Every structure is written in structure tokens, then in C-alpha cells.
Amino acid sequence: MDTINTIAAIATPLGTGGIGVVRISGEDALKVADRIIKSPAHPEISSMKGYTCAFGRAYDMEGAIDEVVVTVFRAPKSYTGEDVVEISCHGGVYILNRILRACCDSGARLAEAGEFTKRAFLQGKLDLTQAEAVIDLICAQGRQAAKAALTAKDGALYRKINRVCKLLVEYAGHLAAWIDYPEEDIVEINPRELERQLGKCGDELENLLASYDTGKLIREGIEVAIVGRPNVGKSTLMNLLTGYDRSIVADLAGTTRDVVSDTVSLGDVVLRLSDTAGIRFSNDPVEQAGVNLAMAQIERAQLILALFDGGDPLTKDDWKVIERCRRRQVIAVVNKSDLPQVLDMGEIQRSFEHVITISAKSLDGVQQLKEKIIQLFHLGSFDSSAAMVANERQRLGVTQALDEVRQAQHALAQGISYDAVSVCIENAVDHLLELTGKRATQEVVDQVFSRFCVGK
Ligand code: GDP
Ligand code: ZN
């Protein structure tokens, strides 16, 4: 056990920046600040009120380190619920490290990864699902993902789980009373009514699970592979979508040898695009290696954009692409609509369910392509302001709770003893309490916070 209970860490990314922040939290946070900060207007940082700032200088044994602004938060009105001091200095690695070392020489210790948020959890400022939302918020890459994380940080999932949990506890209580005192008529249990109520709880849990797949796509983005024979315009489309010149565009067939990937935000959702080597028959081993990479990319992708050149007849290599795309989620993209069209559209229509005609050069049809992707993945109906399950841990917990609720319902319907029903309901409650962290083991809590970075 560490005896020093006041923690400190650099809270901003390491690198050079305009501002960097060292955060201190714990009962001695203000005393630590007193020892290293001199502010003409506030000789004692520890007598400052919460939510106030002071300008001054940070010192260590060697002398002045930097000009700083100190912000004081008083327990319980702080991120962690403890006394917190944030020292804002210039955002250089050397200065930040020196201030952090001064804190540690003056009564604080280095914070572990996620320890600030863990303290907030232990102080009851957030539940585990809200703590997880903090990471999702930090990692969010698109508008919808950020909004969904904020919704969870505000406690939407927590409240929903809590409500179901409370109902289940109530039913379990009735059952327990009835089982313990069957002859005293204290509680009347109507098995049909209880079954109906349990059914409603189960449906709520099921609704939570339903949003998981879409939410995952929104959070993590969709893995998209752009494929096609050389020269159909893969790199041009990739550059168009990402907005700058990343892949090599050339008139010479077969120039894109490696997989080039990039992330593009398509309105609300993030696409993780990869431009692959042109697929064609080749004797050149280097080019064949590129083609193999492209094939692997196709296997991994959640969506394939299969490109064809509208200005050319179908070739043997195009057929190879068509062959590769069978039974996959594919949009056939017929490119170069600005050129006279000679491609056999009938063949394309027969081979693919979704076909879009575009010109990567004149931008024609690109908007339709984006809309098609949104429609294909049901992203348009995604409601980022609703409670939803956001990660594997949560999905597992809700699934297990749902399982127990359905078993309880089943037992009631079959006329199995109330004892069995009661056990199932109590198991469901356990799973839900573990989810919010009200009754989670140290292991579960540590697991959640191990995903954090130091300083959060
Ligand atoms: P890749 O080999 O499939 O990656 O094809 P590139 O993106 O390198 O493009 C091959 C050639 O086709 C280049 O000269 C592009 O300028 C040209 N190209 C790409 N898209 C279009 C288009 O929509 N219309 C026309 N006319 N040319 C295009
Ligand atoms: Zn290319």
C-alpha cells in the first residue's frame, strides 16, 4: 500500500504546446501547491477559494521553473471529489516534468493510469459506465461518437440500468418475503403479473443491446477497402474522400503497391479507408505481393468499394474483382462518368446489388456514394442521445442479466418454484450492479481503469 495519498500527473499530451497542465489531487493537494508556487496576490494557495485562479511562479530547489496559473478546486466540487490543484504552465516536456518532480518532492506521488477518474468513481462522482464514457469521449473521432460518449458520461446508461435494477430488487424482495412467510398473507404474488413485469425489464435490456453494433461502427469507424484493377481511379477516389494527396496517382498501371490507409469523417461516421494495389494477374513478384495484401484487405473489410472504369469495357482483371467480392458487403462504383461510357452496365447490375456511378474527377455522384454507405449501415437512424451499450464489458453484463431475467420469466411460465425464480432475479441484479460498479470486484474496477492513460 502506498502511504502517500495525494497524486500528481501531467494531464496534457506530452509534446510541445501552448499550455501544459499538471494536476494534483488529494488531501494535501493545496499544501503541495503552497510549497512550489509563489503568487504575489495569493501568498497562500491553500487559503484560496474553490473555482479561483492565481498567477504566479513555480519553483523547485534550483529556482524558478516557469510562470504559471494555478486553479483551485475544493472537495467535493472537483473532478475527483477531492481537493484538486491544476497548474497551467508552458506546454514543454522539460517544464512539465520539472513541475511534476517538484510536486513529488513536496508531498505528492505519481498518479497511476486512470487514477484521477478512479478516485472520482470511488468518491461516488461517477459510476463505472460513466468512467468508461470518459475514455470514449477522449478517443472519439467523429461527432456522433463524441455525442454518444457525452450521453453516457451524463449517465444515460447508468440511469437505465439503475431503473431496471431497482425494479428487479423490488420483485426479489417480494419473492423472498413470500418464500420466507408463505402462510402469512403479507404479499400477494400474481405469477402472471410478475412474468409480465419481468418481460418489460427484459425488453429494456434487449433494447440496450440492439444499439451495440451500430454504436460500435460509429465509435470505431467502418473498415472500407477500395479495390479494383489498376487505373480505375482507386487512388483518385481515396484522395477525394480524404481530401488530400496520400496515395500515388499515376497513369502507369500498378503504381499503388502497398495498402495506403487513412481515416475520413463522412458526416457523422468515420471510415477507415484503404486504397489497395490494383488487382490483376502479374508475374512480377513485388506487384503480386501488393495484390496479395489487397486480397487480405478485402477479407478484413466491413465494406468493399469495387471500382470499375465506365470508359472501358470489362476486362479479365475486372472479372477477378467481381469474383473476389461475392457474398461480401459491396458497393460497385462505376467511375469516370465524365468519359463516354462503354462499360457493360448490365453485367455490373447483375453482379452487384448496389451500384453507384461517379466521376472522381468531376465529383459527380460522390454525395450519392456517401449516402449509400450511411443507408447500408443504418447509420441515419442512429440516436446518439439514447442510452446505449458502449463496450464489450457492458455488452456482456447486459447480456448475462437479460439471460437471467428471461430464465426467471420462463420458470414462472412453467410453474417452477418461486425459489428458482428468485435466484435468477438475484443473479440478474448482481450482473447489473457489477456493470455500474456498485458491487464490482477490485479486478473489474482495475480492468476498467487500466484502459486509461496517466493524467486522466
Ligand atoms: P488506380 O490505379 O485505380 O489507383 O487509379 P488512379 O487513381 O491512379 O487513376 C488512374 C487514372 O485515371 C489517373 O490518370 C486519374 O487521373 C484518372 N481518373 C481517375 N478518376 C477519373 C475520373 O472520374 N474521370 C477521368 N476522366 N479520369 C479519372
Ligand atoms: Zn492507385
# chains A, B, ... in the order shown; residues from 1 in each chain; ligands from 1
>>> residues_around(residues="Ala306 of chain A", least_positions_apart="2", cutoff="8 Å", atoms="only C-alpha atoms", output="PDB file with N, CA and C atoms, in the first residue's frame")
ATOM      1  N   ILE A 226     -10.967  -0.076 -50.776  1.00  0.00           N
ATOM      2  CA  ILE A 226     -11.231   0.357 -52.144  1.00  0.00           C
ATOM      3  C   ILE A 226     -10.451  -0.580 -53.059  1.00  0.00           C
ATOM      4  N   VAL A 227     -11.174  -1.332 -53.875  1.00  0.00           N
ATOM      5  CA  VAL A 227     -10.473  -2.297 -54.730  1.00  0.00           C
ATOM      6  C   VAL A 227     -10.857  -2.113 -56.195  1.00  0.00           C
ATOM      7  N   GLY A 228     -10.078  -2.710 -57.057  1.00  0.00           N
ATOM      8  CA  GLY A 228     -10.336  -2.625 -58.490  1.00  0.00           C
ATOM      9  C   GLY A 228      -9.035  -2.856 -59.229  1.00  0.00           C
ATOM     10  N   ILE A 304     -16.728  -3.098 -49.049  1.00  0.00           N
ATOM     11  CA  ILE A 304     -15.813  -3.036 -50.185  1.00  0.00           C
ATOM     12  C   ILE A 304     -16.387  -2.057 -51.206  1.00  0.00           C
ATOM     13  N   PHE A 308     -14.893   0.297 -60.984  1.00  0.00           N
ATOM     14  CA  PHE A 308     -14.784  -0.067 -62.390  1.00  0.00           C
ATOM     15  C   PHE A 308     -14.660   1.202 -63.200  1.00  0.00           C
ATOM     16  N   VAL A 321     -11.991  -9.122 -59.898  1.00  0.00           N
ATOM     17  CA  VAL A 321     -12.514  -8.294 -58.803  1.00  0.00           C
ATOM     18  C   VAL A 321     -13.942  -8.734 -58.453  1.00  0.00           C
ATOM     19  N   ILE A 322     -14.765  -8.901 -59.488  1.00  0.00           N
ATOM     20  CA  ILE A 322     -16.166  -9.313 -59.277  1.00  0.00           C
ATOM     21  C   ILE A 322     -16.204 -10.638 -58.516  1.00  0.00           C
ATOM     22  N   CYS A 325     -15.491 -10.371 -54.794  1.00  0.00           N
ATOM     23  CA  CYS A 325     -16.446  -9.604 -53.982  1.00  0.00           C
ATOM     24  C   CYS A 325     -17.719 -10.376 -53.669  1.00  0.00           C
ATOM     25  N   VAL A 330     -20.792  -5.087 -50.544  1.00  0.00           N
ATOM     26  CA  VAL A 330     -20.085  -4.367 -51.604  1.00  0.00           C
ATOM     27  C   VAL A 330     -20.932  -3.271 -52.217  1.00  0.00           C
ATOM     28  N   ILE A 331     -20.296  -2.171 -52.551  1.00  0.00           N
ATOM     29  CA  ILE A 331     -20.923  -1.208 -53.443  1.00  0.00           C
ATOM     30  C   ILE A 331     -20.061  -1.172 -54.700  1.00  0.00           C
ATOM     31  N   ALA A 332     -20.675  -1.454 -55.851  1.00  0.00           N
ATOM     32  CA  ALA A 332     -19.939  -1.334 -57.111  1.00  0.00           C
ATOM     33  C   ALA A 332     -19.935   0.140 -57.484  1.00  0.00           C
ATOM     34  N   VAL A 333     -18.760   0.684 -57.702  1.00  0.00           N
ATOM     35  CA  VAL A 333     -18.636   2.097 -58.036  1.00  0.00           C
ATOM     36  C   VAL A 333     -18.115   2.202 -59.462  1.00  0.00           C
TER      37      VAL A 333
END
>>> residues_around(residues="Asp419 of chain A", least_positions_apart="2", cutoff="8 Å", atoms="only C-alpha atoms", output="PDB file with N, CA and C atoms, in the first residue's frame")
ATOM      1  N   LEU A 175     -40.605 -11.730  -3.515  1.00  0.00           N
ATOM      2  CA  LEU A 175     -40.483 -13.187  -3.574  1.00  0.00           C
ATOM      3  C   LEU A 175     -39.884 -13.735  -2.294  1.00  0.00           C
ATOM      4  N   ILE A 179     -41.521 -16.350   0.111  1.00  0.00           N
ATOM      5  CA  ILE A 179     -40.913 -17.663   0.338  1.00  0.00           C
ATOM      6  C   ILE A 179     -40.708 -17.905   1.833  1.00  0.00           C
ATOM      7  N   SER A 417     -40.702 -23.571  -8.991  1.00  0.00           N
ATOM      8  CA  SER A 417     -40.790 -22.939  -7.662  1.00  0.00           C
ATOM      9  C   SER A 417     -40.321 -21.480  -7.668  1.00  0.00           C
ATOM     10  N   VAL A 421     -37.050 -18.837  -9.343  1.00  0.00           N
ATOM     11  CA  VAL A 421     -37.289 -17.518  -9.935  1.00  0.00           C
ATOM     12  C   VAL A 421     -36.471 -16.469  -9.192  1.00  0.00           C
ATOM     13  N   SER A 422     -36.520 -16.572  -7.875  1.00  0.00           N
ATOM     14  CA  SER A 422     -35.834 -15.609  -7.032  1.00  0.00           C
ATOM     15  C   SER A 422     -34.318 -15.624  -7.273  1.00  0.00           C
ATOM     16  N   VAL A 423     -33.759 -16.814  -7.410  1.00  0.00           N
ATOM     17  CA  VAL A 423     -32.313 -16.937  -7.667  1.00  0.00           C
ATOM     18  C   VAL A 423     -31.946 -16.248  -8.980  1.00  0.00           C
TER      19      VAL A 423
END
>>> closest_residue(among="A:Ile87, A:Ile24, A:Val334, A:Leu396", to="Leu305 of chain A", atoms="only C-alpha atoms")
A:Val334
>>> residues_around(residues="Cys201 of chain A", least_positions_apart="6", cutoff="9 Å", atoms="only C-alpha atoms", output="MDAnalysis selection string")
chainID A and resid 164:165 167:168 402 405
>>> closest_residue(among="A:Gln407, A:Thr129, A:Asn335, A:Thr117", to="Val389 of chain A", atoms="only C-alpha atoms")
A:Thr129
>>> residues_around(residues="Asn5 of chain A", least_positions_apart="2", cutoff="12 Å", atoms="only C-alpha atoms", output="MDAnalysis selection string")
chainID A and resid 1:3 7:8 24:29 32 82:83 104 107:112 115:116 119
>>> write_last_selection(atoms="C-alpha atoms", output="CSV table (one decimal), in the first residue's frame")
chain,number,residue,atom,x,y,z
A,1,MET,CA,0.0,0.0,0.0
A,2,ASP,CA,1.2,3.5,-0.9
A,3,THR,CA,1.0,5.8,2.1
A,7,ILE,CA,-1.3,12.2,-6.5
A,8,ALA,CA,0.1,14.3,-9.4
A,24,ILE,CA,-2.7,17.4,-8.2
A,25,SER,CA,-5.5,15.6,-6.3
A,26,GLY,CA,-5.8,14.5,-2.7
A,27,GLU,CA,-6.0,15.9,0.8
A,28,ASP,CA,-2.5,17.5,0.6
A,29,ALA,CA,-3.0,19.0,-2.9
A,32,VAL,CA,1.9,20.7,-2.2
A,82,GLU,CA,-11.1,15.6,-3.5
A,83,ASP,CA,-9.1,18.9,-3.3
A,104,CYS,CA,6.5,14.7,-5.9
A,107,GLY,CA,4.4,15.5,-0.8
A,108,ALA,CA,2.6,14.1,-3.8
A,109,ARG,CA,3.3,10.8,-5.6
A,110,LEU,CA,3.0,10.0,-9.3
A,111,ALA,CA,-0.6,9.1,-10.3
A,112,GLU,CA,-1.2,5.7,-11.9
A,115,GLU,CA,-6.2,7.2,-11.1
A,116,PHE,CA,-7.9,10.6,-11.1
A,119,ARG,CA,-10.9,8.4,-7.4
>>> closest_residue(among="A:Leu217, A:Leu273, A:Pro340, A:Arg327", to="Glu353 of chain A", atoms="only C-alpha atoms")
A:Arg327
>>> closest_residue(among="A:Glu323, A:Gln394, A:Met295, A:Met238", to="Ala152 of chain A", atoms="only C-alpha atoms")
A:Gln394
>>> select_by_dssp(residues="segment 221-334 of chain A", states="alpha helix (DSSP H)", output="number ranges by chain")
A: 234-242, 285-300, 316-324
>>> select_by_dssp(residues="segment 61-230 of chain A", states="strand (DSSP E)", output="PyMOL selection string")
chain A and resi 63-73+84-91+109-110+222-227
